[in-house]
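What follows is the content of model-v6.pdb (PDB, C-alpha atoms).
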MODEL        1
ATOM      1  CA  MET A 648     101.169 128.807  74.041
ATOM      2  CA  SER A 649     102.788 126.689  71.370
ATOM      3  CA  PRO A 650     101.020 123.564  70.067
ATOM      4  CA  HIS A 651     103.386 121.410  72.113
ATOM      5  CA  ASP A 652     102.368 123.266  75.277
ATOM      6  CA  VAL A 653      98.724 122.641  74.453
ATOM      7  CA  LEU A 654      99.514 118.961  74.004
ATOM      8  CA  LEU A 655     101.295 118.877  77.366
ATOM      9  CA  LEU A 656      98.344 120.587  79.032
ATOM     10  CA  ILE A 657      95.902 118.089  77.557
ATOM     11  CA  GLY A 658      98.091 115.181  78.664
ATOM     12  CA  ALA A 659      98.414 116.559  82.176
ATOM     13  CA  LEU A 660      94.658 117.154  82.413
ATOM     14  CA  ALA A 661      93.996 113.600  81.203
ATOM     15  CA  ALA A 662      96.338 112.196  83.846
ATOM     16  CA  ALA A 663      94.678 114.352  86.516
ATOM     17  CA  GLY A 664      91.193 113.217  85.472
ATOM     18  CA  GLY A 665      92.304 109.598  85.502
ATOM     19  CA  ALA A 666      93.729 110.016  88.991
ATOM     20  CA  ILE A 667      90.506 111.589  90.293
ATOM     21  CA  GLY A 668      88.337 108.861  88.791
ATOM     22  CA  ALA A 669      90.594 106.092  90.057
ATOM     23  CA  GLY A 670      90.584 107.636  93.536
ATOM     24  CA  ILE A 671      86.798 107.474  93.648
ATOM     25  CA  GLY A 672      86.788 103.964  92.188
ATOM     26  CA  ASN A 673      89.402 102.644  94.608
ATOM     27  CA  GLY A 674      87.476 104.168  97.497
ATOM     28  CA  LEU A 675      84.304 102.377  96.391
ATOM     29  CA  VAL A 676      86.050  99.019  95.976
ATOM     30  CA  MET A 677      87.890  99.092  99.281
ATOM     31  CA  GLY A 678      84.878 100.539 101.118
ATOM     32  CA  ARG A 679      82.711  97.654  99.955
ATOM     33  CA  MET A 680      85.425  95.231 100.997
ATOM     34  CA  VAL A 681      85.496  96.715 104.514
ATOM     35  CA  GLU A 682      81.685  96.463 104.661
ATOM     36  CA  GLY A 683      81.932  92.812 103.654
ATOM     37  CA  VAL A 684      84.550  92.112 106.313
ATOM     38  CA  GLY A 685      82.342  93.849 108.878
ATOM     39  CA  ARG A 686      79.488  91.493 108.020
ATOM     40  CA  GLN A 687      81.628  88.382 107.738
ATOM     41  CA  PRO A 688      85.034  88.717 109.423
ATOM     42  CA  GLU A 689      86.121  85.190 108.495
ATOM     43  CA  ALA A 690      85.952  86.025 104.752
ATOM     44  CA  LEU A 691      88.811  88.551 105.045
ATOM     45  CA  GLY A 692      91.333  86.525 103.024
ATOM     46  CA  ARG A 693      89.150  85.897  99.998
ATOM     47  CA  LEU A 694      87.644  89.392 100.009
ATOM     48  CA  LEU A 695      91.057  91.036 100.236
ATOM     49  CA  THR A 696      92.384  89.052  97.279
ATOM     50  CA  TRP A 697      89.502  89.992  95.003
ATOM     51  CA  ALA A 698      89.423  93.574  96.269
ATOM     52  CA  LEU A 699      93.105  93.911  95.368
ATOM     53  CA  VAL A 700      92.346  92.505  91.927
ATOM     54  CA  GLY A 701      89.576  95.091  91.576
ATOM     55  CA  VAL A 702      91.866  97.891  92.726
ATOM     56  CA  ALA A 703      94.484  96.839  90.183
ATOM     57  CA  LEU A 704      91.833  96.843  87.437
ATOM     58  CA  VAL A 705      90.715 100.342  88.440
ATOM     59  CA  GLU A 706      94.285 101.541  88.811
ATOM     60  CA  ALA A 707      95.294 100.531  85.274
ATOM     61  CA  TRP A 708      93.688 103.403  83.360
ATOM     62  CA  PRO A 709      95.165 106.350  85.309
ATOM     63  CA  VAL A 710      98.532 104.657  84.962
ATOM     64  CA  ILE A 711      97.991 104.423  81.221
ATOM     65  CA  THR A 712      97.040 108.107  81.034
ATOM     66  CA  PHE A 713     100.204 108.912  82.986
ATOM     67  CA  VAL A 714     102.288 106.910  80.515
ATOM     68  CA  LEU A 715     100.612 108.672  77.593
ATOM     69  CA  PHE A 716     101.388 111.997  79.277
ATOM     70  CA  VAL A 717     105.047 111.002  79.594
ATOM     71  CA  PHE A 718     105.086 110.093  75.899
ATOM     72  CA  THR A 719     103.640 113.511  75.005
ATOM     73  CA  LYS A 720     106.419 115.074  77.092
ATOM     74  CA  ILE A 721     109.347 113.214  75.560
ATOM     75  CA  GLY A 722     108.036 113.446  72.002
TER      76      GLY A 722
ATOM     77  CA  MET B 133     115.200 107.979  76.417
ATOM     78  CA  ILE B 134     115.077 104.302  75.653
ATOM     79  CA  PHE B 135     111.321 103.816  75.939
ATOM     80  CA  SER B 136     109.398 104.131  72.724
ATOM     81  CA  LEU B 137     106.016 102.969  71.488
ATOM     82  CA  THR B 138     107.103 101.751  68.064
ATOM     83  CA  ALA B 139     110.892 101.383  67.622
ATOM     84  CA  PHE B 140     112.564  97.968  67.736
ATOM     85  CA  GLN B 141     114.965  97.684  70.642
ATOM     86  CA  TRP B 142     117.333  95.030  71.920
ATOM     87  CA  PRO B 143     116.899  95.253  75.749
ATOM     88  CA  PRO B 144     113.325  93.888  75.884
ATOM     89  CA  PHE B 145     114.283  91.177  73.399
ATOM     90  CA  ILE B 146     117.228  90.063  75.533
ATOM     91  CA  THR B 147     115.475  90.296  78.903
ATOM     92  CA  GLY B 148     112.415  88.592  77.418
ATOM     93  CA  LEU B 149     114.539  85.638  76.359
ATOM     94  CA  LEU B 150     116.169  85.726  79.800
ATOM     95  CA  ALA B 151     112.747  85.491  81.456
ATOM     96  CA  VAL B 152     111.796  82.525  79.272
ATOM     97  CA  VAL B 153     115.067  80.771  80.157
ATOM     98  CA  VAL B 154     114.585  81.442  83.883
ATOM     99  CA  VAL B 155     111.056  79.977  83.859
ATOM    100  CA  LEU B 156     112.234  76.991  81.804
ATOM    101  CA  VAL B 157     115.145  76.255  84.168
ATOM    102  CA  PHE B 158     112.871  76.617  87.197
ATOM    103  CA  GLY B 159     110.338  74.252  85.674
ATOM    104  CA  LEU B 160     113.020  71.680  84.847
ATOM    105  CA  MET B 161     114.468  72.002  88.366
ATOM    106  CA  ALA B 162     111.034  71.395  89.840
ATOM    107  CA  VAL B 163     110.431  68.153  87.935
ATOM    108  CA  ARG B 164     113.984  66.786  87.752
ATOM    109  CA  GLN B 165     113.911  64.648  90.897
ATOM    110  CA  LEU B 166     110.271  64.050  91.700
ATOM    111  CA  THR B 167     109.623  62.562  95.124
ATOM    112  CA  PRO B 168     106.219  61.123  96.035
ATOM    113  CA  GLY B 169     106.361  61.982  99.756
ATOM    114  CA  VAL B 170     106.678  65.429 101.281
ATOM    115  CA  PRO B 171     108.260  67.625  98.587
ATOM    116  CA  HIS B 172     110.906  70.232  99.283
ATOM    117  CA  GLY B 173     112.768  72.883  97.340
ATOM    118  CA  ALA B 174     111.620  73.802  93.856
ATOM    119  CA  GLN B 175     109.196  70.878  93.685
ATOM    120  CA  ASN B 176     107.416  72.213  96.786
ATOM    121  CA  VAL B 177     107.015  75.687  95.288
ATOM    122  CA  MET B 178     105.772  74.247  92.005
ATOM    123  CA  GLU B 179     103.269  71.901  93.682
ATOM    124  CA  SER B 180     101.716  74.683  95.755
ATOM    125  CA  ALA B 181     101.551  76.908  92.663
ATOM    126  CA  VAL B 182      99.829  74.154  90.661
ATOM    127  CA  ASP B 183      97.366  73.591  93.543
ATOM    128  CA  THR B 184      96.539  77.296  93.744
ATOM    129  CA  PHE B 185      95.946  77.570  90.022
ATOM    130  CA  GLN B 186      93.873  74.394  89.917
ATOM    131  CA  ASP B 187      91.580  75.944  92.548
ATOM    132  CA  LEU B 188      91.473  79.292  90.763
ATOM    133  CA  VAL B 189      90.743  77.854  87.323
ATOM    134  CA  GLY B 190      88.372  75.204  88.693
ATOM    135  CA  GLN B 191      86.105  77.922  90.113
ATOM    136  CA  MET B 192      85.749  79.655  86.744
ATOM    137  CA  ALA B 193      86.331  77.317  83.813
ATOM    138  CA  PRO B 194      84.085  74.570  82.398
ATOM    139  CA  LYS B 195      85.167  71.037  83.326
ATOM    140  CA  ALA B 196      86.517  70.088  79.896
ATOM    141  CA  LEU B 197      88.689  73.180  79.597
ATOM    142  CA  ALA B 198      90.075  73.271  83.150
ATOM    143  CA  PRO B 199      93.198  71.018  82.925
ATOM    144  CA  ASN B 200      94.645  72.704  79.834
ATOM    145  CA  LEU B 201      93.760  76.153  81.112
ATOM    146  CA  THR B 202      95.485  75.444  84.437
ATOM    147  CA  LEU B 203      98.760  74.718  82.667
ATOM    148  CA  LEU B 204      98.425  77.725  80.359
ATOM    149  CA  SER B 205      97.621  80.144  83.168
ATOM    150  CA  LEU B 206     100.408  78.852  85.417
ATOM    151  CA  THR B 207     102.969  79.208  82.610
ATOM    152  CA  LEU B 208     101.708  82.676  81.767
ATOM    153  CA  PHE B 209     101.802  83.762  85.404
ATOM    154  CA  LEU B 210     105.350  82.517  86.025
ATOM    155  CA  LEU B 211     106.617  84.124  82.803
ATOM    156  CA  LEU B 212     104.957  87.454  83.587
ATOM    157  CA  VAL B 213     106.192  87.534  87.193
ATOM    158  CA  VAL B 214     109.785  86.977  86.082
ATOM    159  CA  ALA B 215     109.435  89.417  83.172
ATOM    160  CA  ASN B 216     107.927  92.152  85.368
ATOM    161  CA  VAL B 217     110.480  91.806  88.151
ATOM    162  CA  ILE B 218     113.572  91.777  85.871
ATOM    163  CA  GLY B 219     113.301  95.544  85.373
ATOM    164  CA  LEU B 220     113.534  96.175  89.124
ATOM    165  CA  LEU B 221     116.918  94.487  89.530
ATOM    166  CA  PRO B 222     119.318  96.983  91.135
ATOM    167  CA  LEU B 223     122.309  96.713  88.817
ATOM    168  CA  PRO B 224     124.245 100.004  88.746
ATOM    169  CA  GLY B 225     125.918 100.904  85.454
ATOM    170  CA  ILE B 226     124.338  98.452  83.044
ATOM    171  CA  GLY B 227     120.990  98.743  84.856
ATOM    172  CA  THR B 228     119.528 101.733  83.091
ATOM    173  CA  ARG B 229     121.013 100.698  79.758
ATOM    174  CA  TRP B 230     120.165  97.031  79.393
ATOM    175  CA  ILE B 231     118.006  95.855  82.277
ATOM    176  CA  HIS B 232     114.396  96.696  81.502
ATOM    177  CA  SER B 233     111.294  94.605  81.863
ATOM    178  CA  PRO B 234     110.311  93.222  78.462
ATOM    179  CA  THR B 235     106.745  94.044  79.497
ATOM    180  CA  ALA B 236     107.649  97.741  79.765
ATOM    181  CA  PHE B 237     107.759  97.798  75.943
ATOM    182  CA  LEU B 238     104.516  97.463  74.024
ATOM    183  CA  SER B 239     105.721  94.595  71.832
ATOM    184  CA  MET B 240     105.705  91.797  74.421
ATOM    185  CA  PRO B 241     102.319  92.508  76.069
ATOM    186  CA  ALA B 242     100.795  93.089  72.628
ATOM    187  CA  GLY B 243     102.245  89.847  71.306
ATOM    188  CA  LEU B 244     100.921  87.917  74.301
ATOM    189  CA  ALA B 245      97.519  89.573  73.943
ATOM    190  CA  ILE B 246      97.312  88.628  70.249
ATOM    191  CA  VAL B 247      98.152  85.005  71.024
ATOM    192  CA  ILE B 248      95.561  84.995  73.802
ATOM    193  CA  PHE B 249      92.955  86.539  71.497
ATOM    194  CA  LEU B 250      93.513  83.702  69.004
ATOM    195  CA  LEU B 251      93.383  81.130  71.826
ATOM    196  CA  ILE B 252      90.065  82.558  73.035
ATOM    197  CA  GLN B 253      88.547  82.200  69.571
ATOM    198  CA  TRP B 254      89.998  78.690  69.296
ATOM    199  CA  SER B 255      88.501  77.644  72.636
ATOM    200  CA  GLY B 256      85.144  78.984  71.459
ATOM    201  CA  ILE B 257      85.327  76.864  68.299
ATOM    202  CA  LYS B 258      86.580  73.771  70.092
ATOM    203  CA  TYR B 259      84.142  73.679  73.011
ATOM    204  CA  LYS B 260      80.998  75.138  71.420
ATOM    205  CA  GLY B 261      81.491  73.731  67.931
ATOM    206  CA  LEU B 262      81.770  75.866  64.829
ATOM    207  CA  GLY B 263      78.014  76.391  64.725
ATOM    208  CA  GLY B 264      77.762  77.494  68.319
ATOM    209  CA  PHE B 265      80.778  79.751  67.862
ATOM    210  CA  LEU B 266      79.252  81.448  64.827
ATOM    211  CA  VAL B 267      75.901  81.818  66.587
ATOM    212  CA  GLY B 268      77.737  83.394  69.522
ATOM    213  CA  TRP B 269      79.412  85.864  67.176
ATOM    214  CA  PHE B 270      76.571  86.781  64.828
ATOM    215  CA  TRP B 271      73.296  85.934  66.574
ATOM    216  CA  LYS B 272      73.717  86.446  70.309
ATOM    217  CA  PRO B 273      72.395  89.765  71.670
ATOM    218  CA  ILE B 274      70.304  90.411  68.524
ATOM    219  CA  PRO B 275      70.346  88.610  65.150
ATOM    220  CA  VAL B 276      72.865  89.797  62.503
ATOM    221  CA  PHE B 277      73.576  93.209  64.061
ATOM    222  CA  GLY B 278      74.928  91.498  67.170
ATOM    223  CA  VAL B 279      78.193  91.091  65.269
ATOM    224  CA  VAL B 280      78.959  94.788  65.802
ATOM    225  CA  VAL B 281      78.654  94.482  69.582
ATOM    226  CA  ASN B 282      80.616  91.233  69.607
ATOM    227  CA  ALA B 283      83.412  92.556  67.402
ATOM    228  CA  LEU B 284      83.800  95.605  69.637
ATOM    229  CA  GLU B 285      83.796  93.459  72.771
ATOM    230  CA  GLN B 286      86.283  90.941  71.396
ATOM    231  CA  LEU B 287      88.675  93.549  70.026
ATOM    232  CA  VAL B 288      88.680  95.749  73.121
ATOM    233  CA  MET B 289      89.678  92.690  75.138
ATOM    234  CA  PRO B 290      93.262  92.136  73.851
ATOM    235  CA  VAL B 291      93.912  95.884  73.560
ATOM    236  CA  SER B 292      93.002  96.527  77.176
ATOM    237  CA  LEU B 293      94.964  93.453  78.309
ATOM    238  CA  ALA B 294      98.097  94.643  76.517
ATOM    239  CA  PHE B 295      97.869  98.294  77.534
ATOM    240  CA  ARG B 296      97.083  97.539  81.170
ATOM    241  CA  LEU B 297     100.208  95.428  81.626
ATOM    242  CA  PHE B 298     102.418  97.675  79.513
ATOM    243  CA  GLY B 299     101.281 100.898  81.201
ATOM    244  CA  ASN B 300     101.667  99.622  84.730
ATOM    245  CA  ILE B 301     105.133  98.175  84.267
ATOM    246  CA  LEU B 302     106.397 101.147  82.244
ATOM    247  CA  ALA B 303     105.063 103.635  84.797
ATOM    248  CA  GLY B 304     106.687 101.610  87.573
ATOM    249  CA  GLU B 305     110.063 101.731  85.840
ATOM    250  CA  LEU B 306     109.823 105.415  84.918
ATOM    251  CA  VAL B 307     108.995 106.490  88.458
ATOM    252  CA  LEU B 308     111.692 104.172  89.795
ATOM    253  CA  ARG B 309     114.275 105.833  87.533
ATOM    254  CA  MET B 310     113.050 109.266  88.668
ATOM    255  CA  THR B 311     113.073 108.549  92.391
ATOM    256  CA  THR B 312     116.340 106.601  92.518
ATOM    257  CA  ASN B 313     118.486 109.054  90.526
ATOM    258  CA  PRO B 314     120.756 110.771  93.091
ATOM    259  CA  HIS B 315     122.109 113.225  90.493
ATOM    260  CA  GLY B 316     118.682 114.400  89.421
ATOM    261  CA  LEU B 317     116.091 116.476  91.210
ATOM    262  CA  SER B 318     116.130 114.357  94.335
ATOM    263  CA  GLY B 319     118.821 114.092  96.987
ATOM    264  CA  TRP B 320     120.032 111.003  98.813
ATOM    265  CA  LEU B 321     117.336 111.251 101.481
ATOM    266  CA  VAL B 322     114.608 111.090  98.845
ATOM    267  CA  VAL B 323     116.337 108.162  97.169
ATOM    268  CA  VAL B 324     116.489 106.200 100.409
ATOM    269  CA  LEU B 325     112.962 107.003 101.586
ATOM    270  CA  VAL B 326     110.810 107.398  98.458
ATOM    271  CA  GLY B 327     112.894 105.151  96.211
ATOM    272  CA  THR B 328     112.784 102.224  98.605
ATOM    273  CA  LEU B 329     109.060 102.660  99.190
ATOM    274  CA  TRP B 330     108.412 102.822  95.448
ATOM    275  CA  LEU B 331     110.560  99.749  94.863
ATOM    276  CA  VAL B 332     108.422  97.730  97.284
ATOM    277  CA  PHE B 333     105.209  99.142  95.801
ATOM    278  CA  SER B 334     106.444  98.375  92.302
ATOM    279  CA  LEU B 335     107.212  94.788  93.288
ATOM    280  CA  VAL B 336     103.643  94.365  94.563
ATOM    281  CA  ILE B 337     102.267  95.966  91.387
ATOM    282  CA  SER B 338     104.355  93.581  89.270
ATOM    283  CA  LEU B 339     102.886  90.537  91.013
ATOM    284  CA  ILE B 340      99.304  91.870  90.955
ATOM    285  CA  GLN B 341      99.483  92.796  87.269
ATOM    286  CA  ALA B 342     100.819  89.345  86.377
ATOM    287  CA  LEU B 343      97.918  87.852  88.351
ATOM    288  CA  ILE B 344      95.377  90.180  86.693
ATOM    289  CA  PHE B 345      96.585  89.291  83.201
ATOM    290  CA  THR B 346      96.320  85.591  84.051
ATOM    291  CA  ILE B 347      92.903  85.830  85.732
ATOM    292  CA  LEU B 348      91.446  87.855  82.870
ATOM    293  CA  THR B 349      92.772  85.326  80.356
ATOM    294  CA  VAL B 350      91.140  82.500  82.304
ATOM    295  CA  ALA B 351      87.882  84.456  82.603
ATOM    296  CA  TYR B 352      87.703  85.368  78.908
ATOM    297  CA  MET B 353      88.476  81.818  77.778
ATOM    298  CA  SER B 354      85.941  80.372  80.211
ATOM    299  CA  ILE B 355      83.218  82.762  79.050
ATOM    300  CA  GLN B 356      83.911  81.960  75.409
ATOM    301  CA  ALA B 357      84.022  78.195  76.023
ATOM    302  CA  SER B 358      80.968  77.890  78.268
ATOM    303  CA  THR B 359      77.846  76.686  76.495
ATOM    304  CA  GLU B 360      75.013  77.764  78.780
ATOM    305  CA  HIS B 361      74.681  81.448  77.809
TER     306      HIS B 361
ENDMDL
END
Whole structure, structure tokens version:
Amino acid sequence: MSPHDVLLLIGALAAAGGAIGAGIGNGLVMGRMVEGVGRQPEALGRLLTWALVGVALVEAWPVITFVLFVFTKIG
Amino acid sequence: MIFSLTAFQWPPFITGLLAVVVVLVFGLMAVRQLTPGVPHGAQNVMESAVDTFQDLVGQMAPKALAPNLTLLSLTLFLLLVVANVIGLLPLPGIGTRWIHSPTAFLSMPAGLAIVIFLLIQWSGIKYKGLGGFLVGWFWKPIPVFGVVVNALEQLVMPVSLAFRLFGNILAGELVLRMTTNPHGLSGWLVVVLVGTLWLVFSLVISLIQALIFTILTVAYMSIQASTEH
């Protein structure tokens, strides 16, 4: 393996780890939102808004690792 | 490959100016013929947007800061929505060459984040006084050594703001270019199915990221300006 291959492997592993972590995090956020709606169905609108904000916050870091991976790929 | 972390490039500069002009023209359209009764057209859109942001900021910000922060956050949100969506315009030919979101290049999100960082410090000085601001920086969790914690916290803030926006919009555009290239790996079926789906998803991401950037700005400024803790 050349150094560039090692770099690619590290980038791909970082992106994979980010995706795994974000999957768990998104599951937690949305699961809690569904619990909240189950307790209080009339709060659906507000809960959904803030849950989506939370999902977007969680989702940012895997996306950033993906972008860094792409930058390792194109040089 | 046009995307780069460091090089100066013209497309984000041009589309960034375009976004500013679009927001400016929309704002002027909204206030050109103000009617006191039931509004319609651009004035209607603008009034509901102002209402929404007044509610949003009013929940978080201290009373003294709220009016200014409403205007700032609304401007920021409109600019970011337009800037994020520009890159998704389906213009064949010049599309891949010139039409990119300015936020898909690090310079615009980083510039915005630096300005917001300075604004946060300014709001701390203005609403807590210079003494309160310095106490908040140097004395808060523990005396003297608290400055390390605070410096880390305050510097991570603009960096994460900038990279979150930049990464999301750039990833959206990259995947869009991959999935909607009929000469590449994917055939027409993939372009129609996956490309369309990704376009819709990317549109939603654009709006949510603009909202996140705005909400985090409001939250950071409110925390820095509030005097009780």
Can you work out which residues from chain A touch chain B at a cut-off of 6 Å (counting only C-alpha atoms) and hand them back as a list in words?
Ala707, Val710 and Ile711 of chain A
Translate the PyMOL selection byres ((chain A and resi 687-697) around 12), as applied to the file shown, into an explicit residue set as a PDB file with C-alpha atoms, keeping the file's coordinate frame.
ATOM      1  CA  VAL A 676      86.050  99.019  95.976  1.00  0.00           C
ATOM      2  CA  MET A 677      87.890  99.092  99.281  1.00  0.00           C
ATOM      3  CA  GLY A 678      84.878 100.539 101.118  1.00  0.00           C
ATOM      4  CA  ARG A 679      82.711  97.654  99.955  1.00  0.00           C
ATOM      5  CA  MET A 680      85.425  95.231 100.997  1.00  0.00           C
ATOM      6  CA  VAL A 681      85.496  96.715 104.514  1.00  0.00           C
ATOM      7  CA  GLU A 682      81.685  96.463 104.661  1.00  0.00           C
ATOM      8  CA  GLY A 683      81.932  92.812 103.654  1.00  0.00           C
ATOM      9  CA  VAL A 684      84.550  92.112 106.313  1.00  0.00           C
ATOM     10  CA  GLY A 685      82.342  93.849 108.878  1.00  0.00           C
ATOM     11  CA  ARG A 686      79.488  91.493 108.020  1.00  0.00           C
ATOM     12  CA  ALA A 698      89.423  93.574  96.269  1.00  0.00           C
ATOM     13  CA  LEU A 699      93.105  93.911  95.368  1.00  0.00           C
ATOM     14  CA  VAL A 700      92.346  92.505  91.927  1.00  0.00           C
ATOM     15  CA  GLY A 701      89.576  95.091  91.576  1.00  0.00           C
ATOM     16  CA  VAL A 702      91.866  97.891  92.726  1.00  0.00           C
ATOM     17  CA  ALA A 703      94.484  96.839  90.183  1.00  0.00           C
ATOM     18  CA  LEU A 704      91.833  96.843  87.437  1.00  0.00           C
TER      19      LEU A 704
ATOM     20  CA  LEU B 188      91.473  79.292  90.763  1.00  0.00           C
ATOM     21  CA  ILE B 340      99.304  91.870  90.955  1.00  0.00           C
ATOM     22  CA  LEU B 343      97.918  87.852  88.351  1.00  0.00           C
ATOM     23  CA  ILE B 344      95.377  90.180  86.693  1.00  0.00           C
ATOM     24  CA  ILE B 347      92.903  85.830  85.732  1.00  0.00           C
TER      25      ILE B 347
END
Could you list the residues chosen by the PyMOL selection byres ((chain B and resi 150-167) around 7) in this structure as number ranges by chain?
B: 146-149, 168-169, 171, 174-175, 178, 210-211, 214-215
Name the residues, using the chain letters and numbers of the file, that sit within 8 Å of (83.7, 83.4, 69.7) when counting only C-alpha atoms, and give them as a list of chain:residue names.
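Within 8 Å of (83.7, 83.4, 69.7), the protein and nucleic acid residues are B:Ile252, B:Gln253, B:Trp254, B:Gly256, B:Ile257, B:Phe265, B:Leu266, B:Gly268, B:Trp269, B:Gln356.
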Counting only C-alpha atoms, the residue of A:Ala663, A:Lys720, A:Trp708, A:Val714 that sits nearest His651 in chain A
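Distance minimum relative to His651 in chain A lands on A:Lys720.
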Report as a PDB file with C-alpha atoms, keeping the file's coordinate frame the residues that result from applying the PyMOL selection byres ((chain B and resi 204) around 12) to the structure here.
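Contents of the output file selection_1.pdb:
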ATOM      1  CA  VAL B 182      99.829  74.154  90.661  1.00  0.00           C
ATOM      2  CA  PHE B 185      95.946  77.570  90.022  1.00  0.00           C
ATOM      3  CA  GLN B 186      93.873  74.394  89.917  1.00  0.00           C
ATOM      4  CA  VAL B 189      90.743  77.854  87.323  1.00  0.00           C
ATOM      5  CA  LEU B 197      88.689  73.180  79.597  1.00  0.00           C
ATOM      6  CA  ALA B 198      90.075  73.271  83.150  1.00  0.00           C
ATOM      7  CA  PRO B 199      93.198  71.018  82.925  1.00  0.00           C
ATOM      8  CA  ASN B 200      94.645  72.704  79.834  1.00  0.00           C
ATOM      9  CA  LEU B 201      93.760  76.153  81.112  1.00  0.00           C
ATOM     10  CA  THR B 202      95.485  75.444  84.437  1.00  0.00           C
ATOM     11  CA  LEU B 203      98.760  74.718  82.667  1.00  0.00           C
ATOM     12  CA  SER B 205      97.621  80.144  83.168  1.00  0.00           C
ATOM     13  CA  LEU B 206     100.408  78.852  85.417  1.00  0.00           C
ATOM     14  CA  THR B 207     102.969  79.208  82.610  1.00  0.00           C
ATOM     15  CA  LEU B 208     101.708  82.676  81.767  1.00  0.00           C
ATOM     16  CA  PHE B 209     101.802  83.762  85.404  1.00  0.00           C
ATOM     17  CA  LEU B 210     105.350  82.517  86.025  1.00  0.00           C
ATOM     18  CA  LEU B 211     106.617  84.124  82.803  1.00  0.00           C
ATOM     19  CA  VAL B 247      98.152  85.005  71.024  1.00  0.00           C
ATOM     20  CA  ILE B 248      95.561  84.995  73.802  1.00  0.00           C
ATOM     21  CA  LEU B 251      93.383  81.130  71.826  1.00  0.00           C
ATOM     22  CA  THR B 346      96.320  85.591  84.051  1.00  0.00           C
ATOM     23  CA  ILE B 347      92.903  85.830  85.732  1.00  0.00           C
ATOM     24  CA  THR B 349      92.772  85.326  80.356  1.00  0.00           C
ATOM     25  CA  VAL B 350      91.140  82.500  82.304  1.00  0.00           C
ATOM     26  CA  MET B 353      88.476  81.818  77.778  1.00  0.00           C
TER      27      MET B 353
END
Residues near Gly668 in chain A, anyone? I mean within 10 Å using all atoms listed in the file, not counting same-chain ones fewer than 6 positions away, as a PyMOL selection string.
chain A and resi 662+674+705-706+708-709
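Of note, CA of Val324 in chain B and CA of Met310 in chain B are spaced 12.6 Å apart.
With CA of Leu329 in chain B on one side and CA of Asn313 in chain B on the other, the separation reads 14.3 Å.
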Starting from 5 Å padding per side, set up an axis-aligned box that covers all listed atoms of range 706-711 of chain A and hand over centre and edge lengths in Å, one decimal, as lines of an AutoDock Vina configuration file.
center_x = 96.1
center_y = 103.4
center_z = 85.0
size_x = 14.8
size_y = 15.8
size_z = 17.6
Can you complete the atoms of range 667-678 of chain A to N, CA and C atoms and list them as a short mmCIF file (atom, residue, chain, number, x, y, z; two decimals), in the frame of the given file?
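This went into rebuild-v9.cif:
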data_model
loop_
_atom_site.label_atom_id
_atom_site.label_comp_id
_atom_site.auth_asym_id
_atom_site.auth_seq_id
_atom_site.Cartn_x
_atom_site.Cartn_y
_atom_site.Cartn_z
N ILE A 667 91.71 111.30 89.51
CA ILE A 667 90.51 111.59 90.29
C ILE A 667 89.52 110.42 90.22
N GLY A 668 89.28 109.96 88.97
CA GLY A 668 88.34 108.86 88.79
C GLY A 668 88.79 107.61 89.51
N ALA A 669 90.10 107.30 89.41
CA ALA A 669 90.59 106.09 90.06
C ALA A 669 90.53 106.22 91.57
N GLY A 670 90.70 107.45 92.09
CA GLY A 670 90.58 107.64 93.54
C GLY A 670 89.19 107.29 94.01
N ILE A 671 88.19 107.79 93.29
CA ILE A 671 86.80 107.47 93.65
C ILE A 671 86.55 105.97 93.55
N GLY A 672 87.02 105.39 92.41
CA GLY A 672 86.79 103.96 92.19
C GLY A 672 87.45 103.10 93.24
N ASN A 673 88.71 103.42 93.58
CA ASN A 673 89.40 102.64 94.61
C ASN A 673 88.69 102.76 95.94
N GLY A 674 88.20 103.98 96.24
CA GLY A 674 87.48 104.17 97.50
C GLY A 674 86.24 103.29 97.55
N LEU A 675 85.51 103.22 96.42
CA LEU A 675 84.30 102.38 96.39
C LEU A 675 84.65 100.91 96.62
N VAL A 676 85.69 100.44 95.87
CA VAL A 676 86.05 99.02 95.98
C VAL A 676 86.46 98.67 97.40
N MET A 677 87.39 99.44 97.95
CA MET A 677 87.89 99.09 99.28
C MET A 677 86.82 99.30 100.35
N GLY A 678 85.96 100.33 100.16
CA GLY A 678 84.88 100.54 101.12
C GLY A 678 83.94 99.34 101.18
#
